[in-house]
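Encoded as structure tokens, the structure appears first; notes follow it.
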Amino acid sequence: MNRILKYISILSLPIFILLIFFLALERENQYTTKNLVGKKIQDFELKSLNQENFINQESLIGNNYTLINFWASWCAPCREENSALIKIKNQLGLKILGINFKDKKNHAKNFLKDYGNPYYTIGIDKDGTTSVNFGVFGIPESILIDKNFIILKKFIGPIEEEDFMEIKNIINK
Amino acid sequence: MKNFLLQLFFLLFVNNALLCMEKNDQELKIFKNLRCLICQGQSVADSNSDFAQTIKLVVKDKLKDGKSENEIYDFLVSKYGEWIVYKPQMNKTNFILWASPYLILISGLILFFYLMRKRHK
């Protein structure tokens, strides 16, 4: 009995340390989007860029799929991304809701004049707090949702060719 | 009368200052437990990045709305995952990490008393 106890006490420490290492390795140590995929987007209400009306979930009713894109005129990757968004709009016919993030209204309007407007409607998130409801931590970011407002995919960084193909595959399923 | 008004003013002033300090302490405590996701090893409290500033605003708004500290953590974890909090809340995956110090202490005490009893015999 004494011997068994001795072995147990000697072995328990390395087992415990290994277990801790194993659990620590399993733990997520960076931001992932897996928490959001499959969840419904939270209710939101934003002033539109032209200040004429408010944009909320009702603005998305009728779209089979919607791409919500977070952008700003001061964001260099957003300029790169703009042509890809225009391609998505023209070739896939996907409705893109733009959320202008912490930007100045006239700068945003100039950006759209210079680079083209891929959005069917644009909301302003002046202080960035609404974007937190979408799990945004930097821009550009995009969220593809279905007609039930369920998040299908979140794109961190500018939309690129492979993302275009992925969106195409999802909406053509 | 003048003295009374002066004392009342002073009392209100101190009371307001204390309330303000308490509120700031709670905000700071929450900011310190939140990781700035775009910074290198900095908390939201330490960072002045765009992300940290937005999160600070969200926390302040939630506190104003009467949300508790845990409700704020739950909300942010639901959006950004467990990685956003420095001190994760207990759940089934990390239960063993939370419970192990107590389990080790209890088993150590059992072993200690067992050996002591045996030595006396």
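Numbering starts fresh at 1 for the residues of each chain in the structure tokens, the chains themselves are lettered A, B, ... in the order given, and ligands are numbered from 1 as they appear.
Shell of Lys56 in chain B at 10 Å, with only C-alpha atoms counted and residues fewer than 3 places along the chain excluded, is Thr129 of chain A; Glu27, Leu28, Ile30, Phe31, Leu34, Val44, Ala45, Asn48, Asp50, Phe51, Ala52, Gln53, Val59, Lys60, Asp61 and Lys62 of chain B.
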Preceding selection exported with N, CA and C atoms as a PDB file, in the first residue's frame:
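Output file again.pdb follows:
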```pdb
ATOM      1  N   THR A 129     -18.841  51.590 -32.457  1.00  0.00           N
ATOM      2  CA  THR A 129     -19.441  50.703 -31.454  1.00  0.00           C
ATOM      3  C   THR A 129     -20.418  49.682 -32.058  1.00  0.00           C
TER       4      THR A 129
ATOM      5  N   GLU B  27     -14.356  50.543 -14.452  1.00  0.00           N
ATOM      6  CA  GLU B  27     -14.000  50.590 -15.881  1.00  0.00           C
ATOM      7  C   GLU B  27     -12.580  50.088 -16.075  1.00  0.00           C
ATOM      8  N   LEU B  28     -11.668  50.588 -15.253  1.00  0.00           N
ATOM      9  CA  LEU B  28     -10.260  50.227 -15.378  1.00  0.00           C
ATOM     10  C   LEU B  28     -10.051  48.732 -15.148  1.00  0.00           C
ATOM     11  N   ILE B  30     -12.161  46.357 -15.754  1.00  0.00           N
ATOM     12  CA  ILE B  30     -12.629  45.636 -16.948  1.00  0.00           C
ATOM     13  C   ILE B  30     -11.631  45.817 -18.096  1.00  0.00           C
ATOM     14  N   PHE B  31     -11.175  47.053 -18.308  1.00  0.00           N
ATOM     15  CA  PHE B  31     -10.212  47.308 -19.398  1.00  0.00           C
ATOM     16  C   PHE B  31      -8.960  46.452 -19.221  1.00  0.00           C
ATOM     17  N   LEU B  34      -9.246  42.893 -20.416  1.00  0.00           N
ATOM     18  CA  LEU B  34      -9.547  42.682 -21.834  1.00  0.00           C
ATOM     19  C   LEU B  34      -8.281  42.816 -22.670  1.00  0.00           C
ATOM     20  N   VAL B  44      -6.510  46.271 -23.144  1.00  0.00           N
ATOM     21  CA  VAL B  44      -7.276  47.410 -23.660  1.00  0.00           C
ATOM     22  C   VAL B  44      -6.931  48.660 -22.837  1.00  0.00           C
ATOM     23  N   ALA B  45      -6.676  48.459 -21.535  1.00  0.00           N
ATOM     24  CA  ALA B  45      -6.327  49.594 -20.662  1.00  0.00           C
ATOM     25  C   ALA B  45      -5.009  50.241 -21.092  1.00  0.00           C
ATOM     26  N   ASN B  48      -3.756  52.372 -26.896  1.00  0.00           N
ATOM     27  CA  ASN B  48      -4.479  53.537 -27.405  1.00  0.00           C
ATOM     28  C   ASN B  48      -4.920  53.288 -28.848  1.00  0.00           C
ATOM     29  N   ASP B  50      -7.065  51.956 -32.162  1.00  0.00           N
ATOM     30  CA  ASP B  50      -8.449  52.172 -32.567  1.00  0.00           C
ATOM     31  C   ASP B  50      -9.380  51.135 -31.944  1.00  0.00           C
ATOM     32  N   PHE B  51      -8.910  49.880 -31.986  1.00  0.00           N
ATOM     33  CA  PHE B  51      -9.710  48.780 -31.447  1.00  0.00           C
ATOM     34  C   PHE B  51      -9.948  48.988 -29.948  1.00  0.00           C
ATOM     35  N   ALA B  52      -8.864  49.318 -29.219  1.00  0.00           N
ATOM     36  CA  ALA B  52      -8.980  49.494 -27.761  1.00  0.00           C
ATOM     37  C   ALA B  52      -9.924  50.651 -27.434  1.00  0.00           C
ATOM     38  N   GLN B  53      -9.810  51.726 -28.218  1.00  0.00           N
ATOM     39  CA  GLN B  53     -10.683  52.885 -27.953  1.00  0.00           C
ATOM     40  C   GLN B  53     -12.153  52.532 -28.172  1.00  0.00           C
ATOM     41  N   VAL B  59     -17.626  49.327 -23.503  1.00  0.00           N
ATOM     42  CA  VAL B  59     -17.698  48.980 -22.068  1.00  0.00           C
ATOM     43  C   VAL B  59     -18.392  50.101 -21.295  1.00  0.00           C
ATOM     44  N   LYS B  60     -18.013  51.348 -21.585  1.00  0.00           N
ATOM     45  CA  LYS B  60     -18.632  52.496 -20.893  1.00  0.00           C
ATOM     46  C   LYS B  60     -20.141  52.529 -21.158  1.00  0.00           C
ATOM     47  N   ASP B  61     -20.513  52.298 -22.432  1.00  0.00           N
ATOM     48  CA  ASP B  61     -21.945  52.293 -22.789  1.00  0.00           C
ATOM     49  C   ASP B  61     -22.694  51.194 -22.042  1.00  0.00           C
ATOM     50  N   LYS B  62     -22.072  50.020 -21.980  1.00  0.00           N
ATOM     51  CA  LYS B  62     -22.736  48.870 -21.325  1.00  0.00           C
ATOM     52  C   LYS B  62     -22.890  49.146 -19.821  1.00  0.00           C
TER      53      LYS B  62
END
```
Residues of chain B at most 9 Å from chain A: nearest atom pair and distance in Å, only C-alpha atoms, as CSV:
```
residue,atom,partner,partner_atom,distance
B:Leu37,CA,A:Tyr31,CA,7.0
B:Ile38,CA,A:Phe137,CA,7.6
B:Asp50,CA,A:Gly138,CA,8.2
B:Phe51,CA,A:Phe137,CA,5.9
B:Thr54,CA,A:Gly128,CA,5.9
B:Ile55,CA,A:Thr129,CA,7.5
B:Leu57,CA,A:Thr129,CA,7.0
B:Val58,CA,A:Thr129,CA,5.9
B:Phe75,CA,A:Asn133,CA,8.7
B:Leu76,CA,A:Gly135,CA,8.3
B:Val77,CA,A:Asn35,CA,8.5
B:Ser78,CA,A:Asn35,CA,6.5
B:Lys79,CA,A:Gly135,CA,4.7
B:Tyr80,CA,A:Gly135,CA,5.8
B:Gly81,CA,A:Asn35,CA,6.1
B:Glu82,CA,A:Glu28,CA,7.9
B:Trp83,CA,A:Asn29,CA,6.2
B:Ile84,CA,A:Tyr31,CA,7.8
B:Thr93,CA,A:Leu23,CA,8.4
B:Asn94,CA,A:Leu23,CA,7.9
B:Ile96,CA,A:Ile20,CA,8.9
B:Leu97,CA,A:Ile20,CA,7.4
B:Ser100,CA,A:Phe16,CA,8.7
B:Leu111,CA,A:Leu5,CA,8.5
```
- Fewer than 5 positions away in the same chain doesn't count, so skip those; otherwise give me all residues within 10 Å of range 76-88 of chain A, counting only C-alpha atoms, as an MDAnalysis selection string. chainID A and resid 67 69:71 93:96 111:112 114:119 139:141 157:161 163:165 167:168
- Can you list, as a VMD selection string, every residue of range 40-141 of chain A that DSSP puts in helix (DSSP H, G or I)? chain A and resid 57 to 60 76 to 92 105 to 115 129 to 132
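From CA of Pro101 in chain B back to CA of Met116 in chain B, the distance works out to 22.2 Å.
When CA of Lys154 in chain A is paired with CA of Tyr65 in chain A, their separation reads 13.3 Å.
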Please return, as a PDB file with C-alpha atoms, in the first residue's frame, all residues of chain A that DSSP assigns to strand (DSSP E or B) on the basis of the backbone.
```
ATOM      1  CA  LYS A  40     -27.751  35.500 -36.204  1.00  0.00           C
ATOM      2  CA  GLU A  45     -29.628  50.786 -36.580  1.00  0.00           C
ATOM      3  CA  LEU A  46     -27.331  53.159 -38.407  1.00  0.00           C
ATOM      4  CA  LYS A  47     -27.817  56.506 -40.065  1.00  0.00           C
ATOM      5  CA  SER A  48     -27.386  56.243 -43.809  1.00  0.00           C
ATOM      6  CA  PHE A  54     -31.897  54.785 -40.989  1.00  0.00           C
ATOM      7  CA  ILE A  55     -30.512  51.396 -41.953  1.00  0.00           C
ATOM      8  CA  ASN A  56     -31.422  48.359 -39.916  1.00  0.00           C
ATOM      9  CA  TYR A  65     -27.708  36.766 -49.335  1.00  0.00           C
ATOM     10  CA  THR A  66     -26.098  39.998 -48.197  1.00  0.00           C
ATOM     11  CA  LEU A  67     -22.472  40.887 -47.825  1.00  0.00           C
ATOM     12  CA  ILE A  68     -21.884  43.379 -45.026  1.00  0.00           C
ATOM     13  CA  ASN A  69     -18.642  45.203 -45.685  1.00  0.00           C
ATOM     14  CA  PHE A  70     -16.875  47.427 -43.141  1.00  0.00           C
ATOM     15  CA  TRP A  71     -14.757  50.115 -44.781  1.00  0.00           C
ATOM     16  CA  LYS A  95     -26.249  42.977 -52.478  1.00  0.00           C
ATOM     17  CA  ILE A  96     -23.499  44.641 -50.452  1.00  0.00           C
ATOM     18  CA  LEU A  97     -24.326  46.702 -47.391  1.00  0.00           C
ATOM     19  CA  GLY A  98     -21.473  49.080 -46.619  1.00  0.00           C
ATOM     20  CA  ILE A  99     -20.765  50.140 -43.074  1.00  0.00           C
ATOM     21  CA  ASN A 100     -18.577  53.201 -43.069  1.00  0.00           C
ATOM     22  CA  PHE A 101     -16.315  52.858 -40.031  1.00  0.00           C
ATOM     23  CA  THR A 121     -26.911  51.094 -49.180  1.00  0.00           C
ATOM     24  CA  ILE A 122     -24.406  52.547 -46.715  1.00  0.00           C
ATOM     25  CA  GLY A 123     -24.674  53.075 -42.976  1.00  0.00           C
ATOM     26  CA  ILE A 124     -22.383  55.213 -40.837  1.00  0.00           C
ATOM     27  CA  ASP A 125     -20.781  53.822 -37.706  1.00  0.00           C
ATOM     28  CA  GLU A 141     -13.870  43.058 -42.821  1.00  0.00           C
ATOM     29  CA  SER A 142     -16.893  41.466 -44.464  1.00  0.00           C
ATOM     30  CA  ILE A 143     -19.670  39.220 -43.279  1.00  0.00           C
ATOM     31  CA  LEU A 144     -21.783  37.072 -45.574  1.00  0.00           C
ATOM     32  CA  ILE A 145     -25.266  36.453 -44.231  1.00  0.00           C
ATOM     33  CA  ASP A 146     -28.264  34.574 -45.596  1.00  0.00           C
ATOM     34  CA  ILE A 150     -27.397  33.959 -40.166  1.00  0.00           C
ATOM     35  CA  ILE A 151     -23.656  34.514 -40.553  1.00  0.00           C
ATOM     36  CA  LEU A 152     -22.265  32.103 -43.142  1.00  0.00           C
ATOM     37  CA  LYS A 153     -18.730  33.388 -43.364  1.00  0.00           C
ATOM     38  CA  LYS A 154     -16.588  36.184 -42.023  1.00  0.00           C
ATOM     39  CA  PHE A 155     -13.741  37.601 -44.092  1.00  0.00           C
ATOM     40  CA  ILE A 156     -10.964  39.358 -42.238  1.00  0.00           C
TER      41      ILE A 156
END
```
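Between CA of Glu52 in chain A and CA of Ala72 in chain A lies a distance of 19.9 Å.
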